[in-house]
$ cat structure-v4.txt   # compact mmCIF, C-alpha atoms
# COMPACT_ATOMS: atom_id res chain seq x y z
CA MET A 1 104.99 125.44 68.69
CA LYS A 2 106.78 128.58 69.75
CA GLN A 3 106.55 129.69 73.35
CA ARG A 4 105.27 133.22 73.55
CA VAL A 5 107.16 135.36 76.04
CA LEU A 6 105.68 138.49 77.59
CA ILE A 7 108.30 140.79 79.12
CA VAL A 8 107.16 143.25 81.77
CA GLU A 9 110.03 145.62 82.47
CA PRO A 10 110.39 149.42 82.58
CA SER A 11 114.00 149.62 81.37
CA GLU A 12 114.19 149.81 77.58
CA VAL A 13 117.84 148.79 77.67
CA ILE A 14 116.98 145.58 79.48
CA VAL A 15 113.96 144.88 77.26
CA GLU A 16 115.95 145.37 74.06
CA GLY A 17 118.77 143.18 75.40
CA LEU A 18 116.36 140.34 76.22
CA LYS A 19 114.61 140.70 72.87
CA SER A 20 117.86 140.40 70.97
CA ILE A 21 118.77 137.25 72.92
CA LEU A 22 115.36 135.60 72.53
CA GLU A 23 114.48 136.61 69.01
CA GLY A 24 117.41 134.65 67.65
CA GLN A 25 115.84 131.55 69.19
CA ILE A 26 113.46 129.49 67.13
CA ARG A 27 111.52 128.32 70.19
CA PHE A 28 110.55 131.76 71.49
CA LYS A 29 108.28 134.44 70.16
CA VAL A 30 108.61 137.70 72.06
CA LEU A 31 105.31 139.54 72.44
CA GLU A 32 105.10 143.33 72.53
CA PRO A 33 106.69 144.14 75.92
CA ILE A 34 104.98 146.31 78.50
CA ALA A 35 106.70 148.78 80.80
CA ASP A 36 104.39 148.72 83.82
CA THR A 37 101.71 146.59 85.40
CA GLY A 38 98.83 148.95 84.62
CA ALA A 39 97.51 147.00 81.64
CA LEU A 40 99.12 143.68 82.64
CA THR A 41 95.91 141.81 83.54
CA GLU A 42 94.29 142.74 80.23
CA ARG A 43 97.40 141.73 78.31
CA LEU A 44 97.60 138.37 80.10
CA LEU A 45 93.99 137.63 79.31
CA SER A 46 94.21 138.70 75.69
CA SER A 47 97.59 137.28 74.67
CA ARG A 48 97.86 134.30 77.08
CA PRO A 49 101.68 133.97 76.99
CA GLU A 50 103.39 130.69 77.92
CA ILE A 51 106.13 132.57 79.71
CA LEU A 52 105.80 135.77 81.71
CA LEU A 53 109.13 137.42 82.45
CA ILE A 54 108.62 140.06 85.09
CA ASN A 55 110.61 142.18 87.51
CA PRO A 56 109.60 140.93 90.98
CA THR A 57 109.70 144.43 92.42
CA MET A 58 106.71 145.29 90.24
CA VAL A 59 104.33 142.80 91.73
CA ALA A 60 103.46 141.98 95.35
CA ASP A 61 102.40 138.39 94.78
CA PRO A 62 103.13 136.45 91.56
CA ALA A 63 100.18 134.12 92.33
CA THR A 64 97.86 136.96 91.32
CA LEU A 65 99.36 136.80 87.81
CA ARG A 66 98.32 133.22 87.19
CA LEU A 67 95.14 133.88 85.30
CA HIS A 68 95.54 131.08 82.80
CA GLU A 69 97.42 127.82 82.43
CA PRO A 70 99.88 126.78 81.32
CA MET A 71 102.11 129.74 82.04
CA ALA A 72 105.51 129.94 83.68
CA VAL A 73 106.11 133.08 85.73
CA VAL A 74 109.81 133.95 85.67
CA ALA A 75 111.43 136.60 87.84
CA LEU A 76 113.82 139.05 86.18
CA VAL A 77 116.30 140.30 88.77
CA TYR A 78 118.95 143.02 88.63
CA GLN A 79 120.48 142.64 92.05
CA TYR A 80 120.20 140.65 95.25
CA VAL A 81 116.60 139.81 96.01
CA HIS A 82 115.66 137.94 99.19
CA ARG A 83 114.73 134.36 98.33
CA ASP A 84 111.33 134.72 100.06
CA ALA A 85 110.45 137.36 97.48
CA LEU A 86 111.13 134.81 94.72
CA LYS A 87 109.05 132.01 96.20
CA GLY A 88 106.07 132.22 93.87
CA TYR A 89 108.16 132.16 90.69
CA ASP A 90 108.85 129.18 88.48
CA ALA A 91 112.35 130.33 87.58
CA VAL A 92 114.72 133.27 87.97
CA VAL A 93 116.67 135.09 85.25
CA ASP A 94 119.47 137.33 86.45
CA ILE A 95 120.46 140.07 83.97
CA ARG A 96 124.09 139.17 84.59
CA ASP A 97 123.42 135.64 83.36
CA SER A 98 125.10 134.64 80.11
CA ARG A 99 123.06 134.51 76.90
CA ALA A 100 123.06 130.71 77.08
CA ALA A 101 121.99 130.69 80.73
CA VAL A 102 119.03 132.99 80.02
CA ILE A 103 117.86 130.78 77.18
CA GLU A 104 118.31 127.64 79.22
CA THR A 105 116.39 129.02 82.20
CA LEU A 106 113.47 130.08 80.04
CA ALA A 107 113.47 126.84 78.09
CA GLN A 108 113.27 124.84 81.30
CA ALA A 109 110.56 127.07 82.73
CA MET A 110 108.44 126.41 79.68
CA PRO A 111 105.25 124.65 80.53
CA GLY A 112 104.74 121.51 78.52
CA GLU A 113 108.45 120.82 78.48
CA THR A 114 109.89 119.96 81.84
CA ASN A 115 107.53 121.52 84.31
CA ASN A 116 104.12 120.43 83.27
CA ALA A 117 102.57 117.00 83.54
CA LYS A 118 104.36 114.58 81.25
CA SER A 119 101.46 112.18 81.24
CA SER A 120 97.98 112.31 82.64
CA TYR A 121 99.33 110.61 85.76
CA ASP A 122 101.90 113.27 86.57
CA LEU A 123 100.86 116.14 88.75
CA THR A 124 100.53 119.51 87.05
CA LYS A 125 102.43 122.43 88.48
CA ARG A 126 99.27 123.69 90.12
CA GLU A 127 98.51 120.33 91.70
CA THR A 128 102.09 120.14 92.91
CA ALA A 129 101.73 123.59 94.50
CA VAL A 130 98.58 122.43 96.32
CA LEU A 131 100.32 119.23 97.42
CA VAL A 132 103.26 121.16 98.86
CA GLU A 133 100.94 123.42 100.86
CA LEU A 134 98.99 120.39 102.10
CA ALA A 135 102.20 118.74 103.22
CA ARG A 136 103.05 121.92 105.11
CA GLY A 137 99.89 121.41 107.11
CA LYS A 138 97.78 124.13 105.48
CA THR A 139 94.00 123.92 105.35
CA ASN A 140 92.01 124.15 102.12
CA LYS A 141 91.11 127.73 102.98
CA GLU A 142 94.72 128.71 103.64
CA ILE A 143 95.83 127.06 100.41
CA ALA A 144 93.12 128.87 98.48
CA ASP A 145 94.31 132.20 99.91
CA ALA A 146 97.98 131.44 99.30
CA LEU A 147 97.42 130.45 95.66
CA ASN A 148 94.73 133.02 95.02
CA VAL A 149 92.09 130.51 93.92
CA SER A 150 88.76 129.43 95.38
CA VAL A 151 88.39 126.69 97.99
CA HIS A 152 86.37 124.82 95.39
CA THR A 153 89.37 124.82 93.04
CA VAL A 154 91.65 123.56 95.83
CA ILE A 155 89.24 120.69 96.52
CA SER A 156 89.16 119.81 92.84
CA HIS A 157 92.99 119.82 92.72
CA ARG A 158 93.03 117.57 95.77
CA LYS A 159 90.71 115.10 94.07
CA ASN A 160 93.03 115.00 91.08
CA ILE A 161 96.10 114.57 93.30
CA THR A 162 94.49 111.58 95.04
CA GLY A 163 93.30 110.17 91.72
CA LYS A 164 96.80 110.32 90.27
CA THR A 165 98.88 109.27 93.28
CA GLY A 166 96.46 106.76 94.80
CA ILE A 167 97.04 108.41 98.19
CA LYS A 168 94.14 109.90 100.14
CA SER A 169 95.40 110.99 103.55
CA VAL A 170 97.35 114.21 104.12
CA ALA A 171 99.92 112.22 106.12
CA GLY A 172 100.41 109.88 103.16
CA LEU A 173 100.67 112.78 100.73
CA THR A 174 103.34 114.36 102.95
CA VAL A 175 105.42 111.19 102.66
CA TYR A 176 104.85 111.24 98.89
CA ALA A 177 105.94 114.88 98.67
CA MET A 178 109.13 114.14 100.59
CA LEU A 179 110.00 111.05 98.59
CA ASN A 180 109.64 113.11 95.43
CA ASN A 181 111.74 115.96 96.80
CA LEU A 182 108.84 118.38 96.52
CA ILE A 183 109.39 119.65 100.03
CA ASP A 184 112.43 119.71 102.21
CA GLU A 185 112.70 119.06 105.89
CA SER A 186 112.33 122.65 106.97
CA ALA A 187 108.88 122.80 105.38
CA LEU A 188 107.53 120.21 107.77
CA LEU A 189 105.93 121.22 111.02
CA MET B 1 69.93 82.01 99.17
CA MET B 2 71.70 81.41 95.88
CA MET B 3 75.09 80.73 97.35
CA LYS B 4 73.87 78.25 99.91
CA SER B 5 75.05 75.18 98.02
CA ARG B 6 78.59 76.56 97.86
CA LEU B 7 78.86 77.39 101.54
CA PHE B 8 80.83 75.06 103.78
CA SER B 9 79.14 72.40 105.86
CA SER B 10 80.17 70.69 109.10
CA GLU B 11 80.67 67.26 107.50
CA ALA B 12 83.54 68.42 105.28
CA ARG B 13 87.10 67.76 106.36
CA LEU B 14 88.69 70.84 107.89
CA SER B 15 91.87 70.10 105.92
CA ASP B 16 89.88 70.24 102.64
CA LEU B 17 88.51 73.61 103.62
CA ILE B 18 92.01 74.93 104.31
CA THR B 19 93.48 73.39 101.15
CA ALA B 20 90.82 75.10 99.06
CA HIS B 21 91.09 78.41 100.94
CA PRO B 22 94.52 78.72 102.58
CA SER B 23 93.81 82.25 103.82
CA LEU B 24 91.44 80.71 106.37
CA LEU B 25 94.52 79.38 108.22
CA ALA B 26 94.94 82.83 109.73
CA LEU B 27 91.48 82.53 111.32
CA LEU B 28 91.91 79.23 113.11
CA THR B 29 93.82 80.45 116.15
CA ARG B 30 91.54 83.45 116.48
CA LEU B 31 88.58 81.08 116.43
CA GLY B 32 90.13 78.88 119.10
CA ILE B 33 91.26 75.98 116.94
CA SER B 34 94.83 74.65 116.98
CA LEU B 35 96.59 72.98 114.09
CA GLY B 36 97.15 69.23 114.05
CA PHE B 37 93.52 68.37 113.33
CA GLY B 38 94.42 65.57 110.90
CA ASN B 39 91.55 64.37 108.76
CA ARG B 40 88.73 65.15 111.12
CA SER B 41 85.57 66.87 109.99
CA ILE B 42 84.83 70.52 110.69
CA GLY B 43 82.07 69.58 113.13
CA ASP B 44 84.30 67.17 114.98
CA VAL B 45 87.22 69.58 115.34
CA CYS B 46 84.91 72.39 116.48
CA GLU B 47 83.25 70.22 119.08
CA SER B 48 86.49 69.00 120.61
CA SER B 49 87.84 72.59 120.65
CA GLY B 50 84.73 73.96 122.33
CA VAL B 51 83.86 76.13 119.32
CA ASP B 52 80.29 76.38 118.03
CA THR B 53 80.29 74.82 114.57
CA GLY B 54 77.60 77.16 113.24
CA PHE B 55 79.58 80.19 114.33
CA PHE B 56 82.81 78.77 112.90
CA LEU B 57 81.16 78.15 109.53
CA LEU B 58 79.55 81.57 109.50
CA ILE B 59 82.92 83.31 109.96
CA CYS B 60 84.66 81.07 107.39
CA ASN B 61 81.88 81.61 104.87
CA VAL B 62 81.98 85.38 105.30
CA HIS B 63 85.75 85.37 104.86
CA THR B 64 85.66 83.21 101.76
CA PHE B 65 82.64 84.26 99.73
CA LYS B 66 82.79 87.82 98.60
CA ASN B 67 79.12 88.49 98.15
CA TYR B 68 77.85 86.45 101.04
CA VAL B 69 75.86 88.55 103.50
CA PRO B 70 74.26 86.34 106.14
CA ALA B 71 70.54 86.93 106.49
CA SER B 72 69.19 87.91 109.85
CA PRO B 73 67.58 84.49 110.57
CA THR B 74 71.05 82.95 110.03
CA ILE B 75 72.63 85.44 112.43
CA LEU B 76 69.93 85.09 115.08
CA GLY B 77 69.89 81.31 114.69
CA THR B 78 73.60 80.99 115.38
CA ASP B 79 75.20 80.78 118.81
CA MET B 80 77.07 84.07 118.96
CA THR B 81 78.79 83.73 122.33
CA GLY B 82 82.06 83.33 120.45
CA LEU B 83 81.72 86.62 118.58
CA VAL B 84 83.23 89.06 121.08
CA PRO B 85 86.15 86.74 121.96
CA TYR B 86 86.76 86.26 118.23
CA LEU B 87 86.78 90.01 117.55
CA GLU B 88 89.07 90.65 120.52
CA LYS B 89 91.50 87.96 119.44
CA SER B 90 91.45 89.39 115.93
CA HIS B 91 92.36 92.82 117.31
CA ARG B 92 95.33 91.34 119.12
CA TYR B 93 96.34 89.40 116.02
CA TYR B 94 96.26 92.56 113.86
CA VAL B 95 98.20 94.70 116.32
CA ASP B 96 100.63 92.24 117.93
CA LYS B 97 101.28 90.00 114.95
CA ARG B 98 100.52 91.66 111.61
CA LEU B 99 101.22 95.33 112.33
CA SER B 100 104.33 94.53 114.37
CA HIS B 101 105.57 92.37 111.55
CA ILE B 102 104.92 95.10 108.97
CA GLU B 103 106.59 97.61 111.26
CA ARG B 104 109.81 95.58 111.35
CA HIS B 105 109.97 95.61 107.55
CA LEU B 106 109.17 99.30 107.36
CA ASP B 107 111.81 100.05 110.00
CA ALA B 108 114.38 98.38 107.77
CA ILE B 109 113.17 100.42 104.78
CA ALA B 110 113.27 103.61 106.86
CA GLN B 111 116.88 102.80 107.76
CA GLU B 112 117.71 102.52 104.08
CA LEU B 113 115.97 105.79 103.30
CA GLY B 114 117.78 107.42 106.19
CA GLY B 115 117.57 110.96 107.51
CA ARG B 116 114.40 112.97 107.75
CA ILE B 117 112.68 111.07 104.92
CA GLY B 118 113.13 107.82 106.82
CA GLN B 119 111.69 109.42 109.93
CA VAL B 120 108.66 110.84 108.16
CA PHE B 121 108.10 107.51 106.43
CA ILE B 122 108.15 105.44 109.62
CA SER B 123 106.17 107.97 111.63
CA PHE B 124 103.40 107.78 109.02
CA PHE B 125 103.10 104.11 109.87
CA LYS B 126 103.44 104.59 113.63
CA ASP B 127 100.65 107.18 113.59
CA TYR B 128 98.49 104.78 111.62
CA LYS B 129 99.21 101.98 114.08
CA GLN B 130 98.21 104.27 116.94
CA GLU B 131 94.95 105.13 115.19
CA VAL B 132 94.18 101.45 114.75
CA GLU B 133 94.96 100.75 118.39
CA ALA B 134 92.71 103.62 119.51
CA HIS B 135 89.96 102.34 117.21
CA PHE B 136 90.23 98.85 118.71
CA ALA B 137 90.51 100.17 122.28
CA HIS B 138 87.27 102.09 121.83
CA GLU B 139 85.50 98.94 120.67
CA GLU B 140 86.96 96.88 123.49
CA GLN B 141 86.04 99.41 126.16
CA GLN B 142 82.66 100.62 124.89
CA VAL B 143 81.13 98.23 122.42
CA PHE B 144 82.17 94.75 123.52
CA PRO B 145 81.14 95.11 127.20
CA HIS B 146 77.79 96.39 125.93
CA ILE B 147 77.37 93.24 123.83
CA SER B 148 78.48 90.94 126.64
CA ALA B 149 75.97 92.59 128.99
CA LEU B 150 73.15 92.20 126.47
CA MET B 151 74.06 88.57 125.84
CA ALA B 152 73.95 87.95 129.59
CA GLY B 153 70.38 89.22 129.45
CA GLU B 154 71.13 92.54 131.11
CA ARG B 155 69.55 95.75 129.94
CA ASP B 156 72.35 98.13 129.12
CA THR B 157 71.25 101.68 128.34
CA THR B 158 74.63 103.35 128.75
CA TYR B 159 75.52 102.74 125.13
CA SER B 160 73.61 102.14 121.92
CA ILE B 161 74.93 100.33 118.86
CA SER B 162 73.56 103.08 116.60
CA GLU B 163 76.43 105.22 117.93
CA PHE B 164 78.83 102.59 116.69
CA LEU B 165 77.92 102.92 113.03
CA ARG B 166 78.01 106.71 113.24
CA ASN B 167 81.56 106.64 114.59
CA HIS B 168 82.92 103.56 112.87
CA SER B 169 85.90 105.00 111.06
CA ASP B 170 87.67 103.45 108.14
CA ILE B 171 90.90 101.75 109.19
CA GLU B 172 91.80 100.27 105.82
CA GLY B 173 92.10 103.58 103.93
CA LYS B 174 95.54 104.54 105.21
CA LEU B 175 96.74 101.03 104.49
CA ASP B 176 95.97 101.72 100.82
CA ASP B 177 98.05 104.90 101.08
CA LEU B 178 100.89 102.93 102.63
CA LEU B 179 100.65 100.30 99.90
CA ASN B 180 100.89 102.94 97.18
CA ILE B 181 103.84 104.65 98.84
CA VAL B 182 105.70 101.39 99.36
CA PHE B 183 105.38 99.82 95.95
CA LYS B 184 105.15 102.90 93.72
CA TYR B 185 107.15 105.70 95.21
CA LEU B 186 110.12 104.37 97.14
CA PRO B 187 113.45 105.23 95.50
CA PRO B 188 115.10 102.36 93.57
CA GLN B 189 117.97 101.97 96.03
CA VAL B 190 115.61 100.45 98.60
CA ASP B 191 115.94 96.67 98.71
CA ASP B 192 113.20 95.09 96.60
CA ASP B 193 112.97 91.89 98.67
CA ASN B 194 112.03 93.86 101.74
CA VAL B 195 109.51 95.91 99.79
CA LEU B 196 107.85 92.84 98.27
CA ASP B 197 107.61 91.13 101.65
CA VAL B 198 105.88 94.09 103.17
CA VAL B 199 103.59 94.58 100.17
CA TYR B 200 102.29 91.02 100.55
CA ASP B 201 101.84 91.58 104.28
CA ILE B 202 99.90 94.79 103.74
CA LEU B 203 97.69 93.23 101.06
CA ARG B 204 96.85 90.34 103.32
CA LEU B 205 96.14 92.56 106.31
CA ARG B 206 93.96 94.85 104.19
CA GLU B 207 91.77 91.96 103.05
CA ASP B 208 91.51 90.64 106.58
CA LEU B 209 90.59 94.07 107.97
CA LYS B 210 87.92 94.51 105.31
CA LYS B 211 86.30 91.28 106.42
CA HIS B 212 86.68 92.32 110.03
CA THR B 213 84.81 95.56 109.35
CA PHE B 214 82.22 93.58 107.41
CA ILE B 215 81.68 91.19 110.32
CA GLU B 216 81.28 94.11 112.71
CA GLU B 217 78.87 96.01 110.51
CA LYS B 218 76.86 93.20 108.94
CA ILE B 219 76.81 90.61 111.71
CA MET B 220 77.61 92.29 115.02
CA VAL B 221 75.44 95.38 114.49
CA PRO B 222 72.24 93.53 113.42
CA LEU B 223 72.75 91.11 116.29
CA VAL B 224 73.16 93.88 118.85
CA LYS B 225 70.19 95.82 117.47
CA HIS B 226 68.09 92.72 117.95
CA LEU B 227 69.37 92.22 121.50
CA GLU B 228 68.78 95.86 122.37
CA ASN B 229 65.18 95.64 121.18
CA ALA B 230 64.66 92.35 122.97
CA THR B 231 65.84 93.67 126.33
CA LYS B 232 63.76 96.86 126.00
CA LYS B 233 60.57 94.89 126.31

$ encode --input "structure-v4.txt" --output "structure tokens"
Amino acid sequence: MKQRVLIVEPSEVIVEGLKSILEGQIRFKVLEPIADTGALTERLLSSRPEILLINPTMVADPATLRLHEPMAVVALVYQYVHRDALKGYDAVVDIRDSRAAVIETLAQAMPGETNNAKSSYDLTKRETAVLVELARGKTNKEIADALNVSVHTVISHRKNITGKTGIKSVAGLTVYAMLNNLIDESALL
Amino acid sequence: MMMKSRLFSSEARLSDLITAHPSLLALLTRLGISLGFGNRSIGDVCESSGVDTGFFLLICNVHTFKNYVPASPTILGTDMTGLVPYLEKSHRYYVDKRLSHIERHLDAIAQELGGRIGQVFISFFKDYKQEVEAHFAHEEQQVFPHISALMAGERDTTYSISEFLRNHSDIEGKLDDLLNIVFKYLPPQVDDDNVLDVVYDILRLREDLKKHTFIEEKIMVPLVKHLENATKK
């Protein structure tokens, strides 16, 4: 199945360039691009793209864009952007990247390929995000706020994480996260 | 009781009991019985070791038969003076012998992991060990003196066993976490021999701790409730 890509970008030059790169690819279908974030929520809900390619300067927090799953949110950058501003993104495409690099980045960001759960025992991207926050010592409430979901959803993710990993305690999950390179040392308190 | 016929009796040879259920070996020292008992019967060995045979059989039966929950007449009809010493010795056995042994293996694994991962890995265990020690210390300082006082016929109102059940935390849970981490998630470069050794150790300790919790909740608590009521009057 083709991965549908929604491009959110004001520059027509950039949009046309990306379209010409992606439309030659059998695995992508480029949806009608949009130039600003005004109608973005509606578009996300109606077209449910697998990949959202968006200029990070247009949105304060990419977590607010995650209205459905699976969807990879990919940042489209023109120049130097501080890495903190790119934290909530699944991948980054730089417009100076080669044609091949752009395709590769998007292909790897595709949910269902490399990022999503390979089997029912692998953690989904969302569960992984919750796990990482837990390992950083965040409470359910803080995680809910950070990921823009309800506390109830966080608790349900936690149940799934424990069901899949067999590990209940936060301390144990922190060890798990480290052994799987999900967090680095600096993330630990 | 349905299981009665299968439970051990004092006439059986102690060596037969151990041959059939080798895991009971770990209990002998804690119950005050040394090895070298030859072919003597359970009753005989208990008597010469100063251990109440009824109490010895009760603990062995609980450890061996999964669904065996002693009825309250059995508990109240058994000489329980050995209970607190047994529980205390078990605590020491878990901390000084089993956990220290596991820690040595995990230290070696942490060395192999190296760096911050090794540190986080071993500190998970050290924190757990501290929790267990605090759990045991609470019992030794609050609960056991209460029981000893009641058994001596004193009325002790400073503590009530109903508090015990409310606060009795689960000490096996994190051991399950540790088990999962050790045998499922360690990177392949970690020496398998070391991992297998520690997995067996953890499995054994987990089963023992489960029985320990069972003895506290299903034997010690009913006994103490009875003693509390008896001294109220």

$ interface_residues --input "structure-v4.txt" --of "chain B" --to "chain A" --cutoff "10 Å" --atoms "all atoms listed in the file" --output "MDAnalysis selection string"
chainID B and resid 113 115:125 127:128 173:182 184:187

$ residues_around --input "structure-v4.txt" --residues "region 100-103 of chain A" --least-positions-apart "2" --cutoff "10 Å" --atoms "all atoms listed in the file" --output "list in words"
Leu18, Ile21, Leu22, Gln25, Arg27, Phe28, Val92, Val93, Asp94, Ile95, Arg96, Asp97, Ser98, Thr105, Leu106, Ala107, Gln108 and Ala109 of chain A

$ atom_distance --input "structure-v4.txt" --atom1 "CA of Asp79 (chain B)" --atom2 "CA of Ile33 (chain B)"
16.9 Å

$ atom_distance --input "structure-v4.txt" --atom1 "CA of Glu12 (chain A)" --atom2 "CA of Ala75 (chain A)"
17.0 Å

$ residues_near_point --input "structure-v4.txt" --point "(103.5, 120.0, 94.6)" --cutoff "12 Å" --atoms "only C-alpha atoms" --output "MDAnalysis selection string"
chainID A and resid 115:117 122:136 143 157:158 161 165 173:174 176:184

$ atom_distance --input "structure-v4.txt" --atom1 "CA of Tyr159 (chain B)" --atom2 "CA of Thr74 (chain B)"
25.3 Å

$ residues_around --input "structure-v4.txt" --residues "Ser169 (chain B)" --least-positions-apart "5" --cutoff "10 Å" --atoms "all atoms listed in the file" --output "PDB file with C-alpha atoms, keeping the file's coordinate frame"
ATOM      1  CA  GLU B 131      94.950 105.130 115.190  1.00  0.00           C
ATOM      2  CA  VAL B 132      94.180 101.450 114.750  1.00  0.00           C
ATOM      3  CA  HIS B 135      89.960 102.340 117.210  1.00  0.00           C
ATOM      4  CA  PHE B 164      78.830 102.590 116.690  1.00  0.00           C
ATOM      5  CA  THR B 213      84.810  95.560 109.350  1.00  0.00           C
TER       6      THR B 213
END

$ axis_aligned_box --input "structure-v4.txt" --around "region 37-41 of chain A" --padding-each-side "4 Å" --output "JSON"
{"center_x": 98.8, "center_y": 145.4, "center_z": 83.5, "size_x": 13.8, "size_y": 15.1, "size_z": 11.8}

$ residues_around --input "structure-v4.txt" --residues "region 101-103 of chain B" --least-positions-apart "3" --cutoff "7 Å" --atoms "all atoms listed in the file" --output "mmCIF file with C-alpha atoms, in the coordinates of the input"
data_model
loop_
_atom_site.group_PDB
_atom_site.id
_atom_site.type_symbol
_atom_site.label_atom_id
_atom_site.label_comp_id
_atom_site.auth_asym_id
_atom_site.auth_seq_id
_atom_site.Cartn_x
_atom_site.Cartn_y
_atom_site.Cartn_z
ATOM 1 C CA LYS B 97 101.280 90.000 114.950
ATOM 2 C CA ARG B 98 100.520 91.660 111.610
ATOM 3 C CA LEU B 106 109.170 99.300 107.360
ATOM 4 C CA ASP B 107 111.810 100.050 110.000
ATOM 5 C CA VAL B 198 105.880 94.090 103.170
ATOM 6 C CA ASP B 201 101.840 91.580 104.280
#

$ residues_near_point --input "structure-v4.txt" --point "(83.0, 86.0, 122.3)" --cutoff "12 Å" --atoms "only C-alpha atoms" --output "PyMOL selection string"
chain B and resi 30-32+51-52+55-56+79-90+140+144-145+147-149+151-152+220

$ closest_residue --input "structure-v4.txt" --among "B:Leu223, B:Gln189, B:Pro73, B:Phe37" --to "Ala110 (chain B)" --atoms "all atoms listed in the file"
B:Gln189

$ closest_residue --input "structure-v4.txt" --among "B:Ser23, B:Gln142, B:Ser100, B:Ser34" --to "Cys46 (chain B)" --atoms "only C-alpha atoms"
B:Ser34

$ residues_around --input "structure-v4.txt" --residues "Leu76 (chain A)" --least-positions-apart "3" --cutoff "12 Å" --atoms "all atoms listed in the file" --output "number ranges by chain"
A: 6-11, 14-15, 18, 51-59, 73, 79-81, 85-86, 89-97, 102, 105-106

$ closest_residue --input "structure-v4.txt" --among "B:Asp96, B:Asp156, B:Glu112, B:Glu216" --to "Glu133 (chain B)" --atoms "only C-alpha atoms"
B:Asp96

$ closest_residue --input "structure-v4.txt" --among "B:Lys126, B:Leu28, B:Phe65, B:Ala108" --to "Ser49 (chain B)" --atoms "only C-alpha atoms"
B:Leu28

$ residues_around --input "structure-v4.txt" --residues "Thr139 (chain A)" --least-positions-apart "6" --cutoff "10 Å" --atoms "all atoms listed in the file" --output "PyMOL selection string"
chain A and resi 133+145+151+154

$ decode --input "structure-v4.txt" --residues "region 6-18 of chain A" --atoms "N, CA and C atoms" --output "short mmCIF file (atom, residue, chain, number, x, y, z; two decimals), in the first residue's frame"
data_model
loop_
_atom_site.label_atom_id
_atom_site.label_comp_id
_atom_site.auth_asym_id
_atom_site.auth_seq_id
_atom_site.Cartn_x
_atom_site.Cartn_y
_atom_site.Cartn_z
N LEU A 6 1.32 14.09 3.36
CA LEU A 6 0.72 15.43 3.34
C LEU A 6 1.84 16.44 3.61
N ILE A 7 2.02 17.36 2.66
CA ILE A 7 3.06 18.39 2.80
C ILE A 7 2.40 19.69 3.26
N VAL A 8 2.94 20.25 4.34
CA VAL A 8 2.43 21.54 4.81
C VAL A 8 3.59 22.52 4.71
N GLU A 9 3.51 23.42 3.74
CA GLU A 9 4.66 24.27 3.44
C GLU A 9 4.18 25.45 2.59
N PRO A 10 4.56 26.69 3.00
CA PRO A 10 4.08 27.85 2.24
C PRO A 10 4.79 28.05 0.90
N SER A 11 6.04 27.64 0.79
CA SER A 11 6.79 27.93 -0.44
C SER A 11 6.41 26.98 -1.56
N GLU A 12 5.89 27.54 -2.65
CA GLU A 12 5.49 26.70 -3.79
C GLU A 12 6.70 26.02 -4.42
N VAL A 13 7.82 26.72 -4.41
CA VAL A 13 9.03 26.16 -5.01
C VAL A 13 9.42 24.87 -4.29
N ILE A 14 9.40 24.96 -2.96
CA ILE A 14 9.75 23.79 -2.15
C ILE A 14 8.73 22.66 -2.38
N VAL A 15 7.45 23.02 -2.33
CA VAL A 15 6.40 22.01 -2.48
C VAL A 15 6.53 21.29 -3.83
N GLU A 16 6.74 22.07 -4.89
CA GLU A 16 6.84 21.46 -6.22
C GLU A 16 8.08 20.56 -6.30
N GLY A 17 9.17 21.02 -5.68
CA GLY A 17 10.40 20.22 -5.68
C GLY A 17 10.18 18.87 -4.99
N LEU A 18 9.54 18.91 -3.82
CA LEU A 18 9.27 17.68 -3.08
C LEU A 18 8.35 16.76 -3.88
#
